[in-house]
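Data block for final01.cif (mmCIF, C-alpha atoms and all ligand atoms):
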data_run
loop_
_atom_site.label_atom_id
_atom_site.label_comp_id
_atom_site.auth_asym_id
_atom_site.auth_seq_id
_atom_site.Cartn_x
_atom_site.Cartn_y
_atom_site.Cartn_z
CA MET A 270 28.14 -12.76 2.12
CA ARG A 271 24.55 -11.59 2.66
CA ASP A 272 23.68 -12.18 -1.00
CA ALA A 273 24.98 -15.73 -0.85
CA ALA A 274 22.91 -16.37 2.28
CA VAL A 275 19.78 -14.92 0.67
CA THR A 276 20.25 -16.96 -2.52
CA GLN A 277 20.66 -20.14 -0.47
CA ASN A 278 17.55 -19.20 1.50
CA SER A 279 15.58 -18.67 -1.71
CA GLN A 280 16.69 -21.99 -3.19
CA GLN A 281 15.78 -23.94 -0.04
CA LEU A 282 12.42 -22.23 -0.04
CA ILE A 283 11.71 -22.94 -3.70
CA ASP A 284 12.30 -26.64 -3.11
CA ARG A 285 9.45 -26.59 -0.54
CA LEU A 286 6.87 -24.70 -2.61
CA PRO A 287 3.77 -26.37 -4.05
CA LYS A 288 3.46 -26.74 -7.82
CA THR A 289 1.94 -23.73 -9.55
CA ARG A 290 0.98 -22.50 -13.02
CA GLY A 291 2.02 -19.04 -11.90
CA ARG A 292 5.44 -17.41 -11.91
CA ILE A 293 8.06 -17.88 -9.21
CA THR A 294 11.11 -15.62 -9.03
CA GLU A 295 13.81 -16.26 -6.49
CA ASN A 296 15.65 -13.44 -4.74
CA ALA A 297 13.44 -10.86 -6.49
CA ASP A 298 14.69 -7.30 -6.29
CA LEU A 299 11.46 -5.77 -5.00
CA GLY A 300 12.85 -2.57 -3.51
CA LYS A 301 13.33 -1.08 -6.97
CA GLN A 302 9.67 -1.75 -7.77
CA THR A 303 8.35 0.28 -4.83
CA TRP A 304 7.38 3.92 -5.20
CA PHE A 305 10.25 4.88 -2.87
CA ARG A 306 12.70 2.76 -4.91
CA VAL A 307 14.37 1.48 -1.75
CA GLY A 308 14.58 -1.82 0.07
CA GLY A 309 15.81 -5.36 -0.24
CA SER A 310 14.74 -8.46 -2.12
CA ALA A 311 11.99 -10.98 -1.56
CA ASP A 312 13.27 -14.52 -0.95
CA VAL A 313 10.59 -15.63 -3.40
CA LEU A 314 8.14 -13.61 -5.48
CA PHE A 315 5.01 -15.46 -6.60
CA LYS A 316 2.64 -14.19 -9.28
CA PRO A 317 -0.31 -16.60 -9.38
CA GLU A 318 -1.96 -17.29 -12.71
CA ASN A 319 -5.49 -17.00 -11.35
CA ILE A 320 -7.53 -17.47 -8.19
CA GLU A 321 -7.58 -21.28 -8.42
CA ASP A 322 -3.79 -21.28 -8.71
CA LEU A 323 -3.49 -18.97 -5.68
CA GLN A 324 -5.92 -21.10 -3.71
CA HIS A 325 -4.04 -24.32 -4.49
CA PHE A 326 -0.67 -22.73 -3.71
CA LEU A 327 -1.77 -21.37 -0.33
CA HIS A 328 -3.49 -24.59 0.62
CA TYR A 329 -0.35 -26.67 0.10
CA LEU A 330 2.21 -24.09 1.25
CA PRO A 331 3.89 -25.31 4.46
CA ASP A 332 2.59 -23.41 7.50
CA ASP A 333 6.00 -22.13 8.63
CA ILE A 334 6.58 -20.14 5.40
CA PRO A 335 5.53 -16.52 5.85
CA VAL A 336 3.37 -14.87 3.19
CA THR A 337 3.29 -11.18 2.32
CA VAL A 338 1.06 -9.56 -0.30
CA LEU A 339 1.93 -6.39 -2.17
CA GLY A 340 -0.03 -4.14 -4.49
CA VAL A 341 2.14 -1.63 -6.34
CA ALA A 342 3.91 -0.68 -3.11
CA SER A 343 2.76 2.93 -3.15
CA ASN A 344 2.22 2.92 0.59
CA LEU A 345 5.11 0.99 1.96
CA ILE A 346 8.78 0.82 2.77
CA ILE A 347 10.46 -2.53 2.25
CA ARG A 348 13.34 -2.64 4.72
CA ASP A 349 16.88 -3.02 3.37
CA GLY A 350 17.21 -6.68 4.46
CA GLY A 351 14.24 -7.70 2.27
CA ILE A 352 11.25 -9.95 2.87
CA ARG A 353 11.50 -13.52 4.11
CA GLY A 354 9.24 -16.23 2.75
CA VAL A 355 6.86 -15.80 -0.18
CA THR A 356 5.77 -12.40 -1.44
CA ILE A 357 2.69 -12.39 -3.65
CA ARG A 358 1.72 -9.91 -6.33
CA LEU A 359 -1.63 -10.16 -8.11
CA LEU A 360 -1.34 -9.29 -11.79
CA LYS A 361 -3.04 -10.17 -15.12
CA ASP A 362 -6.13 -12.24 -14.23
CA PHE A 363 -6.48 -10.23 -11.01
CA ALA A 364 -6.37 -6.86 -12.78
CA LYS A 365 -9.69 -7.06 -14.65
CA VAL A 366 -12.33 -4.37 -14.19
CA GLU A 367 -15.90 -4.60 -15.50
CA ALA A 368 -19.13 -2.66 -15.12
CA LEU A 369 -22.18 -4.61 -13.92
CA ASP A 370 -25.87 -3.71 -13.95
CA GLY A 371 -27.02 -1.32 -11.23
CA ASN A 372 -24.02 1.06 -11.49
CA LEU A 373 -21.74 -1.56 -9.97
CA ILE A 374 -18.07 -2.12 -10.75
CA HIS A 375 -16.35 -5.45 -10.21
CA ALA A 376 -12.57 -5.17 -9.95
CA GLY A 377 -9.76 -7.63 -9.34
CA ALA A 378 -7.48 -6.76 -6.43
CA GLY A 379 -4.57 -6.17 -8.80
CA ALA A 380 -6.44 -3.53 -10.82
CA THR A 381 -5.19 -0.01 -10.32
CA ASP A 382 -7.50 2.42 -8.56
CA LYS A 383 -7.14 4.68 -11.56
CA ASN A 384 -8.39 2.02 -13.97
CA VAL A 385 -11.44 1.46 -11.78
CA ALA A 386 -12.23 5.19 -12.02
CA VAL A 387 -11.65 5.17 -15.79
CA VAL A 388 -13.90 2.16 -16.43
CA ALA A 389 -16.59 3.65 -14.18
CA ALA A 390 -16.46 6.93 -16.12
CA ARG A 391 -16.69 5.14 -19.49
CA ASN A 392 -19.82 3.41 -18.24
CA ASN A 393 -21.38 6.64 -16.94
CA ILE A 394 -20.93 5.56 -13.33
CA ALA A 395 -20.20 8.44 -10.96
CA GLY A 396 -18.88 8.42 -7.39
CA LEU A 397 -15.60 6.58 -7.94
CA GLU A 398 -13.67 9.60 -9.25
CA PHE A 399 -11.61 9.85 -6.05
CA PHE A 400 -9.87 6.60 -7.03
CA SER A 401 -8.37 8.32 -10.07
CA GLY A 402 -5.74 10.13 -7.98
CA ILE A 403 -4.69 7.27 -5.72
CA PRO A 404 -1.75 5.41 -7.28
CA GLY A 405 -2.40 2.00 -5.68
CA THR A 406 -4.32 -1.17 -6.43
CA ILE A 407 -7.78 -2.23 -5.27
CA GLY A 408 -6.23 -4.75 -2.85
CA GLY A 409 -4.27 -1.93 -1.20
CA ALA A 410 -7.33 0.34 -1.25
CA VAL A 411 -9.48 -2.19 0.60
CA ARG A 412 -6.71 -3.01 3.09
CA MET A 413 -5.94 0.68 3.79
CA ASN A 414 -9.44 2.13 3.27
CA ALA A 415 -7.75 4.49 0.83
CA GLY A 416 -9.46 7.80 0.25
CA ALA A 417 -9.11 11.34 -0.94
CA TYR A 418 -11.08 14.56 -1.09
CA GLU A 419 -13.72 13.54 1.45
CA ARG A 420 -14.37 10.12 -0.13
CA GLU A 421 -13.06 6.77 1.08
CA THR A 422 -13.15 3.20 -0.19
CA LYS A 423 -15.69 2.38 2.52
CA ASP A 424 -18.18 4.82 0.94
CA VAL A 425 -18.34 2.76 -2.25
CA LEU A 426 -17.33 -0.80 -1.31
CA VAL A 427 -20.19 -3.33 -1.42
CA GLN A 428 -18.23 -6.51 -0.81
CA ALA A 429 -14.75 -7.93 -0.97
CA THR A 430 -13.69 -11.46 -1.85
CA CYS A 431 -10.67 -12.62 0.12
CA ILE A 432 -8.58 -15.74 0.54
CA ASP A 433 -6.96 -16.86 3.77
CA ARG A 434 -3.56 -18.43 4.42
CA ARG A 435 -5.01 -21.95 3.97
CA GLY A 436 -6.61 -21.07 0.62
CA LYS A 437 -10.19 -20.71 1.84
CA ILE A 438 -12.29 -18.09 0.04
CA TYR A 439 -14.65 -15.68 1.80
CA THR A 440 -16.96 -13.01 0.40
CA VAL A 441 -17.52 -10.33 3.01
CA ASP A 442 -19.99 -7.44 3.08
CA ALA A 443 -18.32 -4.06 3.45
CA HIS A 444 -20.11 -3.22 6.71
CA ASP A 445 -18.58 -6.33 8.33
CA LEU A 446 -15.11 -4.92 7.71
CA ASN A 447 -15.55 -2.04 10.19
CA MET A 448 -13.69 0.33 7.90
CA GLU A 449 -12.49 3.56 9.48
CA TYR A 450 -10.17 6.33 8.43
CA ARG A 451 -7.21 4.50 6.77
CA HIS A 452 -8.03 1.26 8.53
CA THR A 453 -9.92 -1.91 7.63
CA GLU A 454 -10.56 -4.75 10.03
CA LEU A 455 -9.30 -7.46 7.71
CA PRO A 456 -7.49 -10.43 9.29
CA GLU A 457 -3.74 -9.95 8.76
CA ASP A 458 -3.38 -13.12 6.68
CA TRP A 459 -6.28 -12.42 4.32
CA ILE A 460 -5.55 -11.50 0.74
CA VAL A 461 -8.18 -9.47 -1.10
CA VAL A 462 -8.73 -10.97 -4.55
CA SER A 463 -11.57 -8.81 -5.84
CA ALA A 464 -14.13 -6.20 -4.81
CA VAL A 465 -17.47 -4.81 -5.92
CA PHE A 466 -18.16 -1.06 -5.75
CA GLN A 467 -21.41 0.87 -5.94
CA GLY A 468 -21.56 4.08 -7.94
CA LYS A 469 -24.49 6.10 -9.21
CA LYS A 470 -25.69 7.14 -12.63
CA GLY A 471 -23.67 10.01 -14.06
CA LYS A 472 -22.42 11.51 -17.32
CA GLN A 473 -19.05 10.50 -18.71
CA GLU A 474 -17.92 14.08 -19.57
CA GLU A 475 -18.79 15.38 -16.10
CA ILE A 476 -17.12 12.44 -14.37
CA GLU A 477 -13.98 12.86 -16.48
CA ALA A 478 -13.94 16.59 -15.76
CA ARG A 479 -13.94 15.84 -12.00
CA MET A 480 -11.12 13.34 -12.50
CA ALA A 481 -9.08 15.96 -14.35
CA GLU A 482 -9.69 18.44 -11.51
CA ILE A 483 -8.45 15.89 -8.98
CA GLN A 484 -5.34 15.28 -11.06
CA ASP A 485 -4.57 19.03 -11.32
CA LYS A 486 -5.06 19.54 -7.59
CA ARG A 487 -2.69 16.70 -6.79
CA GLU A 488 0.00 17.87 -9.19
CA SER A 489 -0.03 21.32 -7.60
CA THR A 490 -0.02 20.23 -3.94
CA GLN A 491 1.80 16.90 -3.75
CA PRO A 492 5.25 15.70 -4.85
CA VAL A 493 3.64 13.14 -7.17
CA ARG A 494 6.64 12.98 -9.50
CA GLU A 495 9.09 12.14 -6.71
CA LYS A 496 10.03 8.80 -5.25
CA THR A 497 7.53 8.88 -2.43
CA GLY A 498 4.94 6.81 -0.57
CA GLY A 499 1.98 9.17 -0.14
CA SER A 500 0.98 10.50 3.29
CA THR A 501 3.54 9.34 5.80
CA PHE A 502 1.26 9.69 8.83
CA ALA A 503 -2.51 9.43 9.23
CA ASN A 504 -4.11 12.68 10.34
CA PRO A 505 -4.72 12.63 14.12
CA LEU A 506 -8.19 14.13 13.61
CA PRO A 507 -9.19 16.92 14.06
CA TYR A 508 -5.52 17.88 13.45
CA LYS A 509 -3.66 17.57 10.18
CA SER A 510 -0.32 15.79 10.23
CA TRP A 511 1.31 18.24 7.83
CA GLU A 512 0.48 21.19 10.10
CA LEU A 513 1.94 19.46 13.16
CA ILE A 514 5.06 18.48 11.18
CA ASP A 515 5.43 22.05 9.91
CA LYS A 516 5.02 23.51 13.40
CA ALA A 517 7.65 21.11 14.72
CA GLY A 518 10.09 22.56 12.14
CA CYS A 519 10.36 19.34 10.16
CA ARG A 520 9.47 20.59 6.66
CA GLY A 521 12.50 19.71 4.53
CA HIS A 522 14.17 17.80 7.39
CA THR A 523 16.67 15.34 5.94
CA ILE A 524 18.37 12.15 7.09
CA GLY A 525 20.79 10.64 4.58
CA GLY A 526 18.90 10.61 1.27
CA ALA A 527 15.46 10.86 2.89
CA GLN A 528 13.65 14.17 3.18
CA MET A 529 10.29 15.51 4.39
CA SER A 530 9.05 17.13 1.19
CA GLU A 531 9.23 20.92 0.98
CA LYS A 532 6.10 20.83 -1.18
CA HIS A 533 3.92 18.75 1.17
CA CYS A 534 5.64 18.03 4.45
CA ASN A 535 3.62 14.91 5.30
CA PHE A 536 5.24 13.24 2.27
CA MET A 537 8.68 11.68 2.60
CA ILE A 538 10.83 11.55 -0.49
CA ASN A 539 13.87 9.62 -1.57
CA THR A 540 16.07 12.36 -2.97
CA GLY A 541 18.20 9.83 -4.82
CA GLU A 542 20.32 7.63 -2.60
CA ALA A 543 18.06 7.02 0.39
CA THR A 544 17.99 3.66 2.11
CA ALA A 545 14.89 2.24 3.74
CA LEU A 546 16.66 2.85 7.05
CA ASP A 547 17.04 6.58 6.24
CA LEU A 548 13.32 6.84 5.50
CA GLU A 549 12.17 4.94 8.57
CA GLN A 550 14.56 6.84 10.84
CA LEU A 551 13.37 10.14 9.36
CA GLY A 552 9.78 9.17 10.12
CA GLU A 553 10.64 8.27 13.73
CA THR A 554 12.57 11.52 14.18
CA VAL A 555 9.55 13.48 12.94
CA ARG A 556 7.24 11.57 15.31
CA LYS A 557 9.61 12.36 18.20
CA ARG A 558 9.78 16.07 17.34
CA VAL A 559 6.04 16.42 16.76
CA TYR A 560 5.39 14.75 20.09
CA ALA A 561 7.81 17.10 21.85
CA ASN A 562 6.17 20.08 20.18
CA SER A 563 2.47 19.22 20.40
CA ASP A 564 2.05 16.16 22.65
CA ILE A 565 0.61 14.16 19.74
CA LEU A 566 2.20 10.88 18.67
CA LEU A 567 1.65 10.50 14.94
CA ARG A 568 0.53 7.10 13.60
CA TRP A 569 2.41 5.81 10.57
CA GLU A 570 0.13 5.44 7.54
CA ILE A 571 2.99 4.01 5.49
CA LYS A 572 3.57 0.34 6.26
CA ARG A 573 7.13 -0.80 6.98
CA ILE A 574 7.73 -4.45 6.20
CA GLY A 575 10.62 -6.89 6.00
CA GLU A 576 13.91 -7.19 7.82
CA PHE A 577 16.64 -4.78 8.80
CA LEU A 578 20.16 -5.43 7.59
CA ALA A 579 22.35 -6.90 10.33
CA GLY A 580 23.48 -4.09 12.65
CA ASP A 581 20.84 -1.57 11.53
CA THR A 582 18.68 -0.18 14.31
CA ILE A 583 16.00 2.49 14.59
CA ASP A 584 15.71 5.08 17.33
CA TYR A 585 11.94 4.83 17.90
CA ALA A 586 9.90 7.80 19.09
CA GLU A 587 8.18 5.64 21.73
CA ASP A 588 11.51 4.94 23.47
CA HIS A 589 12.03 8.66 24.08
CA ILE A 590 8.51 9.18 25.36
CA THR A 591 8.86 6.53 28.07
CA LYS A 592 12.37 7.71 29.03
CA ASP A 593 11.70 11.46 29.13
C1 LIG W 601 2.00 10.11 -4.76
C2 LIG W 601 1.10 9.32 -3.85
C3 LIG W 601 -0.13 9.81 -3.50
C4 LIG W 601 -0.98 9.08 -2.65
N1 LIG W 601 -2.21 9.59 -2.32
C5 LIG W 601 -3.05 8.86 -1.55
C6 LIG W 601 -4.36 9.37 -1.21
O1 LIG W 601 -4.78 10.43 -1.62
N2 LIG W 601 -5.16 8.62 -0.42
C7 LIG W 601 -4.76 7.41 0.07
O2 LIG W 601 -5.53 6.75 0.79
N3 LIG W 601 -3.51 6.91 -0.22
C8 LIG W 601 -2.68 7.61 -1.01
N4 LIG W 601 -1.43 7.11 -1.30
C9 LIG W 601 -1.00 5.84 -0.69
C10 LIG W 601 -1.34 4.58 -1.49
O3 LIG W 601 -1.48 4.86 -2.87
C11 LIG W 601 -2.61 3.90 -0.97
O4 LIG W 601 -2.51 3.55 0.40
C12 LIG W 601 -2.92 2.62 -1.75
O5 LIG W 601 -4.19 2.14 -1.35
C13 LIG W 601 -1.89 1.52 -1.54
O6 LIG W 601 -2.14 0.54 -2.53
P1 LIG W 601 -0.99 -0.43 -3.05
O7 LIG W 601 -1.61 -1.34 -4.01
O8 LIG W 601 0.18 0.37 -3.53
O9 LIG W 601 -0.63 -1.17 -1.69
P2 LIG W 601 0.84 -1.47 -1.14
O10 LIG W 601 1.53 -0.18 -0.83
O11 LIG W 601 1.53 -2.43 -2.01
O12 LIG W 601 0.44 -2.18 0.24
C14 LIG W 601 -0.15 -1.43 1.27
C15 LIG W 601 -0.76 -2.42 2.27
O13 LIG W 601 -1.84 -3.09 1.65
C16 LIG W 601 -1.63 -4.49 1.70
N5 LIG W 601 -2.17 -5.08 0.48
C17 LIG W 601 -1.85 -4.79 -0.81
N6 LIG W 601 -2.56 -5.56 -1.64
C18 LIG W 601 -3.34 -6.36 -0.87
C19 LIG W 601 -4.29 -7.38 -1.15
N7 LIG W 601 -4.56 -7.77 -2.39
N8 LIG W 601 -4.90 -7.98 -0.10
C20 LIG W 601 -4.63 -7.62 1.17
N9 LIG W 601 -3.73 -6.67 1.49
C21 LIG W 601 -3.10 -6.04 0.48
C22 LIG W 601 -0.12 -4.68 1.82
O14 LIG W 601 0.21 -5.93 2.41
C23 LIG W 601 0.23 -3.50 2.70
O15 LIG W 601 -0.04 -3.80 4.06
C24 LIG W 601 -0.56 7.82 -2.15
C25 LIG W 601 0.69 7.32 -2.51
C26 LIG W 601 1.52 8.05 -3.35
C27 LIG W 601 2.85 7.48 -3.73
#
Would you write out, as structure tokens, the structure that this file holds?
Amino acid sequence: MRDAAVTQNSQQLIDRLPKTRGRITENADLGKQTWFRVGGSADVLFKPENIEDLQHFLHYLPDDIPVTVLGVASNLIIRDGGIRGVTIRLLKDFAKVEALDGNLIHAGAGATDKNVAVVAARNNIAGLEFFSGIPGTIGGAVRMNAGAYERETKDVLVQATCIDRRGKIYTVDAHDLNMEYRHTELPEDWIVVSAVFQGKKGKQEEIEARMAEIQDKRESTQPVREKTGGSTFANPLPYKSWELIDKAGCRGHTIGGAQMSEKHCNFMINTGEATALDLEQLGETVRKRVYANSDILLRWEIKRIGEFLAGDTIDYAEDHITKD
């Protein structure tokens, strides 16, 4: 019944979309493409051919149609009911990375963080090594101010080019984005299309050696080969989320097919048959227990997007805090 409704929804939507040279897929099974491998379908998935195509599409897209942009979904849970409206992924033309004079790197928003680090290394540009261990795209990195090992996107970002819901393009200096720990002040409807990063002169072998070190460290401390989404909660500085989760007895805690990793307990994993609901409910249960144990309410780092299936509900940590 639900599938029929979704298909009808997708078809009605497609009839209202502007013409494009890009690719439109109706009822696209996006959940399987996320790192967690859970979640429902997008009514419509749009892969624009290039920036002009994206600009034209957004400009003529009726205002009432919601737009969502995804990178490689390494930091999000798509809920089991899927995503209404148009979901955009930036591939091909948006995935280019090139070195510019002055130890600068220009990258499309669809480029992987890793490729940015690799191209920088090949061009003897140091300072972007931290990107090599973050499995997302540049769009996600700018939106999330992604970072690792004491370096963050904000330390290297010079400017970002973005497009708004009406198709207007803006180039913004990094310091106007007020980037903080895992947060960038980017209007919700803006899509990052490219970014410029500043590195410094280095030597390829030394840069690559640092990237290899980062890779080793990750492999030994994080469940990088599991179906996961990275750090579930931002660290409530000066505390570390994993320590609070551990102290609250939640290492290994399981709901359905979702588990707080035994290896790194701020990572959730899909042990095989998890639903998005299992994962989100596990996160809320951990927030509730950590709050009861240490009076700190953890902030989700992982984004949860899309709709619940009819009848699904979440027992939110906040509801317990106000009641208790
Ligand atoms: C094993 C593992 C390890 C990880 N380690 C780290 C780490 O060390 N440090 C860290 O910071 N993160 C880490 N992460 C999380 C994740 O890789 C980062 O947050 C990454 O920046 C997300 O990029 P993405 O392209 O996958 O974005 P998605 O997960 O697809 O999206 C995340 C958010 O960014 C938005 N977004 C995506 N693209 C764009 C765009 N073009 N324009 C505007 N908004 C956009 C989405 O709408 C969403 O709100 C890890 C994840 C995994 C699975």
Contacts of segment 498-510 of chain A within 8 Å, all atoms listed in the file, excl. fewer than 5 positions in-chain, as a CSV table (one decimal) with C-alpha atoms, in the frame of the given file:
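Saved the output as selection.csv:
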chain,number,residue,atom,x,y,z
A,304,TRP,CA,7.4,3.9,-5.2
A,305,PHE,CA,10.2,4.9,-2.9
A,342,ALA,CA,3.9,-0.7,-3.1
A,343,SER,CA,2.8,2.9,-3.2
A,344,ASN,CA,2.2,2.9,0.6
A,345,LEU,CA,5.1,1.0,2.0
A,346,ILE,CA,8.8,0.8,2.8
A,451,ARG,CA,-7.2,4.5,6.8
A,535,ASN,CA,3.6,14.9,5.3
A,536,PHE,CA,5.2,13.2,2.3
A,537,MET,CA,8.7,11.7,2.6
A,538,ILE,CA,10.8,11.6,-0.5
A,552,GLY,CA,9.8,9.2,10.1
A,565,ILE,CA,0.6,14.2,19.7
A,567,LEU,CA,1.6,10.5,14.9
A,568,ARG,CA,0.5,7.1,13.6
A,569,TRP,CA,2.4,5.8,10.6
A,570,GLU,CA,0.1,5.4,7.5
A,571,ILE,CA,3.0,4.0,5.5
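As for atom N2 of ligand LIG 601 (chain W) and atom CA of Lys496 of chain A, they are spaced 15.9 Å apart.
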Exercise. Please identify every polymer residue within 8 Å of ligand LIG 601 (chain W), using all atoms listed in the file, and present the set as a ChimeraX atom specification.
Key: /A:303-305,337-345,358-359,378-379,381-382,402-418,421,431,451,457-463,491-500,570-572
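The nearest approach to Leu330 of chain A among the residues A:Ala297, A:Met480, A:Met529, A:Leu282, with all atoms listed in the file taken into account, belongs to A:Leu282.
The coordinates place atom CA of Gly575 of chain A at 23.0 Å from atom CA of Thr523 of chain A.
Pairwise distance (atom CA of Asn393 of chain A, atom CA of Ala429 of chain A) equals 22.6 Å.
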Quiz item: Mind listing as a list of chain:residue names all residues within 10 Å of (-23.6, 4.6, -7.0), counting all atoms listed in the file?
Solution: A:Gly371, A:Asn372, A:Leu373, A:Ile374, A:Ile394, A:Ala395, A:Gly396, A:Leu397, A:Asp424, A:Val425, A:Phe466, A:Gln467, A:Gly468, A:Lys469, A:Lys470, A:Gly471
Extending 4 Å beyond the listed atoms of segment 487-499 of chain A on each side, what axis-aligned box results? I want centre and edge lengths in Å to one decimal, as AutoDock Vina command-line options.
--center_x 3.7 --center_y 14.1 --center_z -4.8 --size_x 20.7 --size_y 22.5 --size_z 17.4
Quiz prompt | Nearest to Ala364 of chain A, chosen from A:Ala390, A:Ala376, A:Ile583, A:Cys519, with all atoms listed in the file counted in the distances | solution = A:Ala376
Practice problem: For Leu546 of chain A, work out the shell of residues within 10 Å, counting only C-alpha atoms and skipping chain neighbours fewer than 6 positions away, then give it as a list in words. | Solution: Val307, Gly308, Ile346, Ile347, Arg348, Asp349, Gly350, Ile524, Gly525, Gly526, Ala527, Gly552, Phe577, Leu578, Asp581, Thr582 and Ile583 of chain A
Quiz prompt | Close residues, Ile293 of chain A itself excluded, 12 Å, only C-alpha atoms, min 5 positions apart in chain, as JSON, numbers by chain | solution = {"A": [279, 280, 282, 283, 284, 286, 287, 288, 311, 312, 313, 314, 315, 316, 317, 318, 326, 355, 356, 357, 358]}
Quiz prompt | Long-range neighbours of Thr490 of chain A as number ranges by chain, 7 Å cut-off, all atoms listed in the file, 4 positions minimum in chain | solution = A: 486, 532-533
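Residue nearest Phe399 of chain A, chosen from A:Leu455, A:Leu426, A:Ile483, A:Leu360 and counting only C-alpha atoms: A:Ile483.
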Exercise. Could you give me, as a PyMOL selection string, the residues within 10 Å of His444 of chain A, counting all atoms listed in the file and dropping anything in the same chain fewer than 6 positions from it?
Key: chain A and resi 423+426-428
Exercise. Considering all atoms listed in the file, state which residue in the set A:Gly309, A:Gly354, A:Gly518, A:Pro331 is at the smallest distance from Ala561 of chain A.
Key: A:Gly518
Where atoms are lacking, segment 413-432 of chain A completed to N, CA and C atoms, as a short mmCIF file (atom, residue, chain, number, x, y, z; two decimals), keeping the file's coordinate frame:
data_model
loop_
_atom_site.label_atom_id
_atom_site.label_comp_id
_atom_site.auth_asym_id
_atom_site.auth_seq_id
_atom_site.Cartn_x
_atom_site.Cartn_y
_atom_site.Cartn_z
N MET A 413 -6.29 -0.60 3.13
CA MET A 413 -5.94 0.68 3.79
C MET A 413 -7.15 1.59 3.95
N ASN A 414 -8.31 1.20 3.42
CA ASN A 414 -9.44 2.13 3.27
C ASN A 414 -8.93 3.45 2.67
N ALA A 415 -8.32 3.32 1.51
CA ALA A 415 -7.75 4.49 0.83
C ALA A 415 -8.84 5.51 0.52
N GLY A 416 -8.47 6.77 0.54
CA GLY A 416 -9.46 7.80 0.25
C GLY A 416 -8.80 9.13 -0.06
N ALA A 417 -9.61 10.01 -0.61
CA ALA A 417 -9.11 11.34 -0.94
C ALA A 417 -10.29 12.27 -1.16
N TYR A 418 -10.07 13.52 -0.85
CA TYR A 418 -11.08 14.56 -1.09
C TYR A 418 -12.46 14.15 -0.56
N GLU A 419 -12.47 13.85 0.73
CA GLU A 419 -13.72 13.54 1.45
C GLU A 419 -14.43 12.25 1.02
N ARG A 420 -13.78 11.41 0.24
CA ARG A 420 -14.37 10.12 -0.13
C ARG A 420 -13.38 9.02 0.25
N GLU A 421 -13.93 7.89 0.68
CA GLU A 421 -13.06 6.77 1.08
C GLU A 421 -13.58 5.50 0.42
N THR A 422 -12.74 4.48 0.38
CA THR A 422 -13.15 3.20 -0.19
C THR A 422 -14.42 2.69 0.49
N LYS A 423 -14.52 2.91 1.79
CA LYS A 423 -15.69 2.38 2.52
C LYS A 423 -17.01 2.99 2.04
N ASP A 424 -16.95 4.17 1.42
CA ASP A 424 -18.18 4.82 0.94
C ASP A 424 -18.74 4.11 -0.29
N VAL A 425 -17.90 3.36 -0.99
CA VAL A 425 -18.34 2.76 -2.25
C VAL A 425 -18.22 1.23 -2.29
N LEU A 426 -17.54 0.66 -1.30
CA LEU A 426 -17.33 -0.80 -1.31
C LEU A 426 -18.63 -1.52 -0.92
N VAL A 427 -19.02 -2.51 -1.74
CA VAL A 427 -20.19 -3.33 -1.42
C VAL A 427 -19.73 -4.62 -0.76
N GLN A 428 -18.77 -5.28 -1.38
CA GLN A 428 -18.23 -6.51 -0.81
C GLN A 428 -16.83 -6.78 -1.34
N ALA A 429 -16.10 -7.55 -0.55
CA ALA A 429 -14.75 -7.93 -0.97
C ALA A 429 -14.63 -9.45 -0.90
N THR A 430 -13.97 -10.02 -1.89
CA THR A 430 -13.69 -11.46 -1.85
C THR A 430 -12.23 -11.64 -1.46
N CYS A 431 -12.02 -12.47 -0.45
CA CYS A 431 -10.67 -12.62 0.12
C CYS A 431 -10.33 -14.10 0.22
N ILE A 432 -9.04 -14.36 0.40
CA ILE A 432 -8.58 -15.74 0.54
C ILE A 432 -7.67 -15.80 1.75
#
